[in-house]
Each structure stands twice: as C-alpha cells, then as structure tokens.
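Below you'll find the structure, written out as structure tokens, and then a few comments.
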Amino acid sequence: MHQNMVEVRDLSKTFKRSNGEMLDAVKNVSFDIRQGEIFSLLGPNGAGKTTTISMISGLLTPTHGDATIGGHSITRQPLEAKKLLGVVPQEIALYPTLSARQNLEFFGKMYGLSGAALSKRADEVLEFIDLKDRQHDKIESFSGGMKRRVNIGVGLLHQPRLIYMDEPTVGIDPQSRRRILDTVKQMQTEMGMTVLYTSHLMEEVQEISDRVGIIDHGELIAVGTVGDLIQKVGEEDRLILKVGSQVVSELLLTRFRHEVEGVTGATHEQAHSNGSDGSATQPDGLIIVIARRGRRALPDLIRVANDSGLDIVSVEVREPDLEAVFLHLTGRELRD
Amino acid sequence: MQKILAIIWKELYITYTDRNLLVIMLATPLALALIISLAFSDLLSGSSDIPISNIPVAIVNRDQGVEMNGAAFNNGQTFINVLVPPANADEQTLADNALYQLTDAVVLSSVTEARAGVNNGTYAAAIIIPADFSERITYSQEHPTVEPASVEVYANPGASVSASIIHSIASSISNQIATGNIAIAATINALIERAQSDPAFGVQFGLISAAGGFQPDFAPAFSGETGAVAIERQTVEGRQVSFNPLVTFGSGQAVFFMLFTAMASANSLLEERRNWTLQRLIASPTPRYMVLLSKFVATFVTCVVQVLLLLVALTIIGSLLSGEFQIIWGTNILAILATVLVTALASAGLGVFVTSVVKTPEQGNVVGSLTAMAMGMIGGVFFSTQGIPVLGTLSRLTIIYWGVDAFGKLSVNRSDIEPNLIFLLLFGLVFFMAGWFIFNRRLNV
Ligand SMILES: Nc1ncnc2c1ncn2[C@@H]1O[C@H](COP(=O)(O)OP(=O)(O)O)[C@@H](O)[C@H]1O
Ligand SMILES: [Mg+2]
C-alpha cells in the first residue's frame, strides 16, 4: 500500500495563448498527498490551481512531468488512475435539465455502477448531501448552494478513496459554505477519504487542511502543515495601519524598522476603494508592519508616525496566518 | 459499450425533453410541411394523380434563331415543343407526358399581353425568351463560344409555388438546351453523314425531312440530370412516371433542416465543455473516443429521426393532396433507408467537424447555421443551381445535392444511387474523423 495517495513530479503546463504568446501556467510543481489527509492548494485566482488539478485528473496532458494516483501514472495508465478518483470541478458540472438523481445516476454509470448498486449509492449520496426530498427536481431549479452540493455528490458516487475539490465554495452564501466545509471534514473522518482541496480563501484552507501547498504564478512556493508554514514567518503579527491618501515616505518605513522594537518589516501599499459618493475612487493607503508581539509595538509605532506628521486612521492587528505566510513569501496580499 | 449507450441515452433524453431543440427539430419543419401542403393544395385540380397540374403558363418566344449547316434552329421553340402538346396529340400522349399534365401552356406573341395576363392572374408565370437566345447558346464555327443566356420567368407572386415550379422547369430546359446543344448538333451531323453513306437511310431521312416531320429529338438532352425540380419523362422501360414536386422540394427541405439539427446537436459538445460536464466525463474512467463517438451517434440518431418523421409527414401530405395513399418516395424501402442513413451520417459528421473548429458554442451556432445555409443555397434548396457555372459544380460537394438527387431517383424507382451513397458515406466519415482528430487535439490544448 502506498503511503502517498498522489505523487506529483515536476509538473508543468505551457499554454499557447490566442495572441501567440506562451504562458507557463504551472511550473515544475512537485508534491505528495498522503493517504487520508486533506491537502489544500492555496493561491490567488490565476495561480494555476485548476490547471494543476486538470493535469492530475487526466483532462490536460502535462507539457512536462507526471503524477501517480495510487501508484498509477495519470498519463500512462489513465483509466486505472481515474477509477480511484472522484472529481468536483470548480464549475457546476451538471446537466441543468436533468434532475439531481438523473445526474447522479448518469455519472455513476460512467464509473461503471449500474442497477441496484447504482440506485443504492444514489440514495446514500442524496442522503449525505441532504437533497433526498429534491432528488427529482431539475438542477436548473436549485439554489447555488444546492447545486454545489450535487456537484460534490456526483464526485462521491463511486466511493472513491480520493477526491479533488476545486474551489467548491465559490459563489455561495456563508451558511452553505459552512455546510460544505463540514461535509469535507466528514468525508475525511467518516469515510476515510483523501482530499485535495483548492481555494483562494485562506480562512477555509487554514480551518480544514492537514497540509497546505501555496501556489502563485504557477509555482508551488511552500508546502507544509499550517503550523509549519506559519513557523516560516516566525511568530510574527501583522499590523495594518490605514493612512488614507497621505504620503508615506521611505524614511518613515525605515524608522519603523529601526526604532520600534520587534518590527522586522514595513511596507506601504496603495489600495483603491470607492469614495463615499460611490463614484470617485480615493487612494486608500496601508502600511503593513510585521512585528513580533505586535500589540506591544503598537504604541511606539503610533508615536513614530505622529512624529513624522502622519495620521493613522485605523489599526488592525492580525495574528500570524496563511495570509501572512503568503505575504511573507510573495510580498503581495492573497486577495487582490 | 454500456457507457456508450448511457451517453447516447442521456443525449437523446436531453434533446427530446428540451422544448427549444424539439421545436427546431420537429415543429419547424412540420409547420413548413404544412405550409407547403396548403400552398400545393390550392393548385390541386381534379382527380389527377399528380398533386399539381395545369399550371397556366404563357410562352413568348422572341428568339430569332440561328442558322447552322444550312438549317435554321430556334431553341426558343424548344420551350414550346416541350411544354405545349402538338395540336394532333392523342389522349395517350397527353396522359403520358408529365409536363403536359403539369402545365397548361399557351403561346403568345406579345410580351405585354403575357405580363398583363400574369398580373391579372390568368397565368401563374410567363416564360419570355429573348431574341438572342439561340445565338448565345449555339456552338458553331462562326460562333465558337457558348454564352450564358437568360430566359425571363415573369411570375405572379400570389402563386409562388407554381411560379417557382415554372421557374425551375424553365431554367432546367434552358440549361439542358445549353448543355445539350453541342450534342444535338453532333447528332444531326452524324445523321447527315450517315445519310450520305447509306443510301437507304438517306432516302428515308430525306423523306422525313422533306415532309417536315423531322424534329430533333431532344430527349437525350433532358434525361439523367435532375434539377431542383426534376422533370422526369419516361424510364428506360418506357413506364410512365409521374413527376412529383413534393419529392424534390420536400426532400430538399428535409435534408436542409436536418443540417441545422445536426449542427445544434453537435454543438452541445461545446456547451458541455463550457459547463464542464465534458471534463467530468473525461475525468471518469471512460475512454475519450467513447465520449466523442456517443455524441456523434446521438447526433446521427436525432438526424435520422427527424428525416424519417419528415418523410412520413410529406407522404401523408402527398397522399392527402392526391386523394389516395401513395408512397411518393418510391418502393425501394431499403434504398430509401440507406439514403436516409448516409444523409444523416454526412450531416452528423459535418456537425462534429464544425464543432471541432470553432471555439465557443456561440461561434458554433453561427458557423453551423451559416454552413447549413450555404449548403442549402449551393445545394439548390432555394433555387436550382444546376447549370449555373460555379454554383452548379460546387453543388456537387453538398449533402443536399446528393441527398435530394438520391431521393428523386428513388421516387421514380431508379436504383442508380450508388454514387450518392458512396459520396455521402465518405463525406460523413471524412468529416467525422477530421473533427475527431481536431477536437482531441484541442481538448489537450
Ligand atoms: N486553456 C487555457 N489556455 C490559455 N491559458 C489558460 C488556459 N487555462 C488556464 N489558462 C491560464 O493559466 C493560468 C492559470 O489558470 P488556472 O489554473 O485556471 O488558475 P486558478 O485555478 O488558480 O485560478 C491563468 O493565467 C489562466 O488564464
Ligand atoms: Mg481555478
């Protein structure tokens, strides 16, 4: 028995864009997913998560590299590999004019289920996603959250030991999101499944994952448990100081770094947000300060700022999280 | 195999529960068939076994004629010869000639009078032959080029179906004269030569010519080719066949609509790629070829169903119009089925091909419809393209031409449809394979 459910080695994908340019969507990505864990790929939109999942589910041929699922190469033994795998695409990959049950049964047949076994599995899955009473309604009549649940249900139908879930919480209300996150946990604890989960939302990744891979611009820039990754940035807090449209001098940032105890980094960022009248955009400056024991550093920071004539509009202290890790590794915020 | 069946079943289920698609597929052509039948029924007269008969036509022949080998030729006269029965014709001749039954032609000398007659509804159409008609189309030493000639068909818009039939007949006759003239000239030359070398034949030929009984037999020039509306005369065995415009018109429409259905059905492949159900299928342990093949087969089945339904509907209409049950498609059921199958195969293949070369379902809709329209236009659904220089040749590349041609032949119990079957079969296979190849490559990017 393989200890690693999935092994990804040197996986690359280069797309030829319509304008003729080449785009390296995934660059030399390698990682393992261990039996029974929830492994997440965290990265902003366009980072290459879907492209990676597509390659390791046999939808796209890698430009370079390979992956094995339960020891079967996805490029050389695709059918064996695919049997072990359930997929939940980022899109609602369902036939809108078929009912929930018809969708389940159709895709079940594609995984070789039939007859009474198929019917029984459809019942169980409908029970699990809590849509038994709506099973005969067409998908097009469902809410976003319900569609997402059926989308997941189809991936569970053939009782795979491994499931890929590509941003399964996109575009739904917080309540439905909660429900789906619980479902993912349940799949691991009650069904003993291995899960590859992708998201651009660090909160949910941080909550459910055993291990996380951070992906940006097609590169896997860090892999480890949430604890490991946070360790990387040290036990550091992030202080976010809103300064509006005021000019922030490089000198001030240097002073923060040198004069305030515990500060290891300070950067200035310009974000734009809509003005109160809703039309004009006003510059919305942020100073992001990385500091050990940030709360203690706060009074000194404010003092230095006042010294330089800078008004701090508001202050937010963030404990170290994956957002901080991403910032630390890339110099950018995860959500742009 | 079970998977293929499951995919095909899913396709058909979705198709037949989708009201819009069903409308495109069945209701539109059926409504069209109804309109055809209404249009045709007002022309119905008496108990004739041809659904349309006695279309009133005026012919004005202004053709000056040409002189060749010392003999005068007036090709405009051919229209009169073909459409107007000789004064001494007996009943049998009248009954045997489909064109005599179909039209009720009179010869007028004045263009103005003919136009006025069309305007006030006396005639469904007037065929007006220009003065230089023979000159343009006759090939001779002095005049070595054959130029396109135009015959005006002045039509009454209120009788559009009969007018379009007359239009087809006129263009058919003129095209046949144009293509047949060289052959006729050669035939006459051969006759004269033979008369010179064979005294007995020479005497006989001379007697007939002298008596004015010699009429060049144009029959060979009219046989074989079928235009948008076939003008069938007699079969080789000399059996009488009735000309049925429902066959050519109806089968043209049926194949034409089937093209749209094929395009729409194949296009769902792109829709499935957009909403990721295709990717879900490919991520399942189902070989790719099964997915594509099932789509193709489902498109094919849908096409077959549609054409069969239309053929049945047109049969019913034909029977209602003629007052008795008749299978207007001929009696060779197997050959008819084979024609239906290969026509559907060709359409499904083309549909898959179009799907493979466009990027989005929207593009697929546009390109698919344009392809179907272009094919209909070139293939002669709207007007006969036979004999028109480039279009006539291009029409040989269309599903419509070969399909309609096969249905036309079968309806008069001709069985020489092998070229049609082979062309359509190859057409379908080649386009499907090409589409498959391209689509597979595109899926991989
Ligand atoms: N078929 C394709 N052709 C060209 N570029 C593509 C294609 N699919 C994805 N991309 C590009 O590859 C990059 C990664 O995309 P994707 O894997 O979808 O990111 P994510 O899922 O992390 O949001 C993006 O820049 C995207 O525009
Ligand atoms: Mg994605």
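By order in the structure tokens, chains are A, B, ...; within a chain, residues start at 1; ligands start at 1, following the order shown.
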Distance filter 10 Å around ligand 2, atoms: only C-alpha atoms and all ligand atoms, out as a PyMOL selection string: chain A and resi 43-54+89-91+166-167+170+198-200
Selected residues, N, CA, C and O atoms, written as a compact mmCIF listing (two decimals), in the first residue's frame, please.
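So the final result, stored in result01.txt, reads:
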```
# COMPACT_ATOMS: atom_id res chain seq x y z
N GLY A 43 -3.98 29.61 -3.33
CA GLY A 43 -3.34 30.57 -4.22
C GLY A 43 -4.38 31.49 -4.82
O GLY A 43 -5.55 31.11 -4.91
N PRO A 44 -3.97 32.68 -5.24
CA PRO A 44 -4.94 33.63 -5.80
C PRO A 44 -5.50 33.14 -7.13
O PRO A 44 -5.01 32.16 -7.69
N ASN A 45 -6.50 33.83 -7.64
CA ASN A 45 -7.06 33.47 -8.94
C ASN A 45 -5.98 33.53 -10.00
O ASN A 45 -5.19 34.46 -10.03
N GLY A 46 -5.94 32.54 -10.84
CA GLY A 46 -4.96 32.52 -11.92
C GLY A 46 -3.62 31.93 -11.50
O GLY A 46 -2.67 31.93 -12.29
N ALA A 47 -3.55 31.42 -10.29
CA ALA A 47 -2.26 30.90 -9.80
C ALA A 47 -1.88 29.59 -10.48
O ALA A 47 -0.71 29.24 -10.55
N GLY A 48 -2.87 28.86 -10.97
CA GLY A 48 -2.58 27.59 -11.64
C GLY A 48 -3.19 26.39 -10.93
O GLY A 48 -2.84 25.25 -11.22
N LYS A 49 -4.13 26.65 -10.01
CA LYS A 49 -4.73 25.54 -9.25
C LYS A 49 -5.55 24.62 -10.16
O LYS A 49 -5.38 23.40 -10.16
N THR A 50 -6.44 25.22 -10.95
CA THR A 50 -7.29 24.41 -11.81
C THR A 50 -6.46 23.68 -12.86
O THR A 50 -6.72 22.51 -13.17
N THR A 51 -5.46 24.36 -13.39
CA THR A 51 -4.60 23.71 -14.39
C THR A 51 -3.90 22.51 -13.78
O THR A 51 -3.81 21.44 -14.41
N THR A 52 -3.41 22.66 -12.54
CA THR A 52 -2.76 21.53 -11.87
C THR A 52 -3.73 20.38 -11.68
O THR A 52 -3.45 19.23 -12.04
N ILE A 53 -4.91 20.69 -11.16
CA ILE A 53 -5.92 19.64 -10.95
C ILE A 53 -6.30 18.98 -12.28
O ILE A 53 -6.45 17.75 -12.36
N SER A 54 -6.41 19.78 -13.33
CA SER A 54 -6.79 19.21 -14.63
C SER A 54 -5.74 18.22 -15.10
O SER A 54 -6.07 17.18 -15.67
N PRO A 89 -15.44 19.55 -10.02
CA PRO A 89 -14.88 20.69 -10.74
C PRO A 89 -15.30 22.02 -10.12
O PRO A 89 -16.29 22.09 -9.38
N GLN A 90 -14.53 23.03 -10.47
CA GLN A 90 -14.84 24.37 -9.99
C GLN A 90 -16.19 24.85 -10.52
O GLN A 90 -16.93 25.55 -9.83
N GLU A 91 -16.52 24.45 -11.75
CA GLU A 91 -17.81 24.81 -12.31
C GLU A 91 -18.86 23.81 -11.82
O GLU A 91 -18.53 22.71 -11.39
N ASP A 166 -12.20 21.40 -6.47
CA ASP A 166 -11.63 22.65 -6.95
C ASP A 166 -12.55 23.81 -6.58
O ASP A 166 -13.63 23.97 -7.17
N GLU A 167 -12.16 24.58 -5.63
CA GLU A 167 -12.91 25.74 -5.15
C GLU A 167 -14.40 25.44 -4.99
O GLU A 167 -15.24 26.08 -5.63
N VAL A 170 -17.06 28.42 -4.08
CA VAL A 170 -17.14 29.69 -4.81
C VAL A 170 -18.59 30.10 -5.05
O VAL A 170 -19.42 29.29 -5.43
N THR A 198 -8.85 22.94 -3.23
CA THR A 198 -8.19 24.18 -3.62
C THR A 198 -9.08 25.36 -3.26
O THR A 198 -10.31 25.24 -3.22
N SER A 199 -8.43 26.47 -2.98
CA SER A 199 -9.18 27.67 -2.65
C SER A 199 -8.28 28.88 -2.75
O SER A 199 -7.06 28.76 -2.73
N HIS A 200 -8.90 30.04 -2.88
CA HIS A 200 -8.11 31.26 -2.77
C HIS A 200 -8.42 31.94 -1.43
O HIS A 200 -7.99 33.04 -1.17
```
Go through chain A and flag each residue having an atom no more than 8 Å from chain B; for those, report the closest pair of atoms plus their distance in Å to one decimal, using only C-alpha atoms, ordered by chain and rising number, as a Markdown table.
```
| residue | atom | partner | partner_atom | distance |
| --- | --- | --- | --- | --- |
| A:Phe15 | CA | B:Val445 | CA | 7.1 |
| A:Lys16 | CA | B:Val445 | CA | 7.9 |
| A:Ser57 | CA | B:Ala283 | CA | 5.9 |
| A:Gly58 | CA | B:Ala283 | CA | 6.0 |
| A:Leu59 | CA | B:Ala283 | CA | 6.2 |
| A:Leu60 | CA | B:Asn444 | CA | 5.2 |
| A:Thr61 | CA | B:Asn444 | CA | 5.9 |
| A:Pro78 | CA | B:Pro285 | CA | 7.5 |
| A:Leu79 | CA | B:Pro285 | CA | 4.8 |
| A:Glu80 | CA | B:Pro285 | CA | 7.3 |
| A:Lys82 | CA | B:Pro285 | CA | 5.2 |
| A:Lys83 | CA | B:Pro285 | CA | 5.6 |
| A:Gly86 | CA | B:Ser284 | CA | 8.0 |
| A:Val87 | CA | B:Arg280 | CA | 7.3 |
| A:Pro89 | CA | B:Trp276 | CA | 7.3 |
| A:Glu91 | CA | B:Trp276 | CA | 6.3 |
| A:Ile92 | CA | B:Asn275 | CA | 6.8 |
| A:Ala93 | CA | B:Thr277 | CA | 4.6 |
| A:Leu94 | CA | B:Thr277 | CA | 5.9 |
| A:Tyr95 | CA | B:Thr277 | CA | 7.2 |
| A:Thr97 | CA | B:Ile14 | CA | 7.0 |
| A:Leu98 | CA | B:Ile14 | CA | 7.4 |
| A:Phe106 | CA | B:Ala6 | CA | 7.1 |
| A:Phe107 | CA | B:Leu281 | CA | 7.5 |
| A:Lys109 | CA | B:Lys3 | CA | 6.5 |
| A:Met110 | CA | B:Lys3 | CA | 6.0 |
| A:Tyr111 | CA | B:Ser284 | CA | 6.2 |
| A:Gly112 | CA | B:Lys3 | CA | 7.8 |
```
Please, which residues of segment 15-151 of chain A, numbered as in this document, come out alpha helix (DSSP H) from DSSP, as a PDB file with C-alpha atoms, in the first residue's frame?
```pdb
ATOM      1  CA  LYS A  49      -4.733  25.538  -9.254  1.00  0.00           C
ATOM      2  CA  THR A  50      -7.291  24.411 -11.807  1.00  0.00           C
ATOM      3  CA  THR A  51      -4.599  23.713 -14.390  1.00  0.00           C
ATOM      4  CA  THR A  52      -2.756  21.532 -11.866  1.00  0.00           C
ATOM      5  CA  ILE A  53      -5.923  19.638 -10.954  1.00  0.00           C
ATOM      6  CA  SER A  54      -6.786  19.212 -14.631  1.00  0.00           C
ATOM      7  CA  MET A  55      -3.423  17.633 -15.321  1.00  0.00           C
ATOM      8  CA  ILE A  56      -3.556  15.254 -12.383  1.00  0.00           C
ATOM      9  CA  PRO A  78      -5.215   6.936 -17.087  1.00  0.00           C
ATOM     10  CA  LEU A  79      -8.157   4.563 -16.745  1.00  0.00           C
ATOM     11  CA  GLU A  80      -6.741   2.793 -13.661  1.00  0.00           C
ATOM     12  CA  ALA A  81      -5.819   6.096 -12.078  1.00  0.00           C
ATOM     13  CA  LYS A  82      -9.203   7.636 -12.813  1.00  0.00           C
ATOM     14  CA  LYS A  83     -11.076   4.765 -11.173  1.00  0.00           C
ATOM     15  CA  ALA A 100     -30.395  15.662  -9.296  1.00  0.00           C
ATOM     16  CA  ARG A 101     -30.924  11.937  -9.303  1.00  0.00           C
ATOM     17  CA  GLN A 102     -30.578  11.605 -13.073  1.00  0.00           C
ATOM     18  CA  ASN A 103     -27.295  13.465 -12.919  1.00  0.00           C
ATOM     19  CA  LEU A 104     -26.027  11.195 -10.175  1.00  0.00           C
ATOM     20  CA  GLU A 105     -27.125   8.062 -11.962  1.00  0.00           C
ATOM     21  CA  PHE A 106     -25.702   9.138 -15.306  1.00  0.00           C
ATOM     22  CA  PHE A 107     -22.265   9.908 -13.947  1.00  0.00           C
ATOM     23  CA  GLY A 108     -22.452   6.799 -11.763  1.00  0.00           C
ATOM     24  CA  LYS A 109     -22.731   4.751 -14.940  1.00  0.00           C
ATOM     25  CA  MET A 110     -19.604   6.439 -16.246  1.00  0.00           C
ATOM     26  CA  GLY A 115     -28.611  -1.488 -11.437  1.00  0.00           C
ATOM     27  CA  ALA A 116     -29.431  -1.841  -7.768  1.00  0.00           C
ATOM     28  CA  ALA A 117     -25.935  -0.876  -6.656  1.00  0.00           C
ATOM     29  CA  LEU A 118     -26.186   2.399  -8.514  1.00  0.00           C
ATOM     30  CA  SER A 119     -29.618   3.078  -7.126  1.00  0.00           C
ATOM     31  CA  LYS A 120     -28.455   2.374  -3.583  1.00  0.00           C
ATOM     32  CA  ARG A 121     -25.428   4.643  -3.951  1.00  0.00           C
ATOM     33  CA  ALA A 122     -27.590   7.429  -5.374  1.00  0.00           C
ATOM     34  CA  ASP A 123     -29.827   7.124  -2.301  1.00  0.00           C
ATOM     35  CA  GLU A 124     -26.875   7.257   0.058  1.00  0.00           C
ATOM     36  CA  VAL A 125     -25.318  10.237  -1.658  1.00  0.00           C
ATOM     37  CA  LEU A 126     -28.615  12.114  -1.773  1.00  0.00           C
ATOM     38  CA  GLU A 127     -28.930  11.432   1.942  1.00  0.00           C
ATOM     39  CA  PHE A 128     -25.398  12.648   2.550  1.00  0.00           C
ATOM     40  CA  GLY A 144     -26.362  27.929  -5.820  1.00  0.00           C
ATOM     41  CA  GLY A 145     -25.638  26.071  -2.600  1.00  0.00           C
ATOM     42  CA  MET A 146     -27.772  23.099  -3.594  1.00  0.00           C
ATOM     43  CA  LYS A 147     -26.093  22.891  -6.978  1.00  0.00           C
ATOM     44  CA  ARG A 148     -22.723  22.904  -5.264  1.00  0.00           C
ATOM     45  CA  ARG A 149     -23.839  20.021  -3.076  1.00  0.00           C
ATOM     46  CA  VAL A 150     -24.986  17.946  -6.035  1.00  0.00           C
ATOM     47  CA  ASN A 151     -21.721  18.815  -7.770  1.00  0.00           C
TER      48      ASN A 151
END
```
Point-to-point distance in Å for atom CA of Gln188 of chain A and atom CA of Ile208 of chain A: 10.0 Å
Strand (DSSP E or B) residues, from DSSP on the backbone, in segment 13-133 of chain A, as a ChimeraX atom specification: /A:13-16,22-34,38-42,64-69,72-73,85-88,99
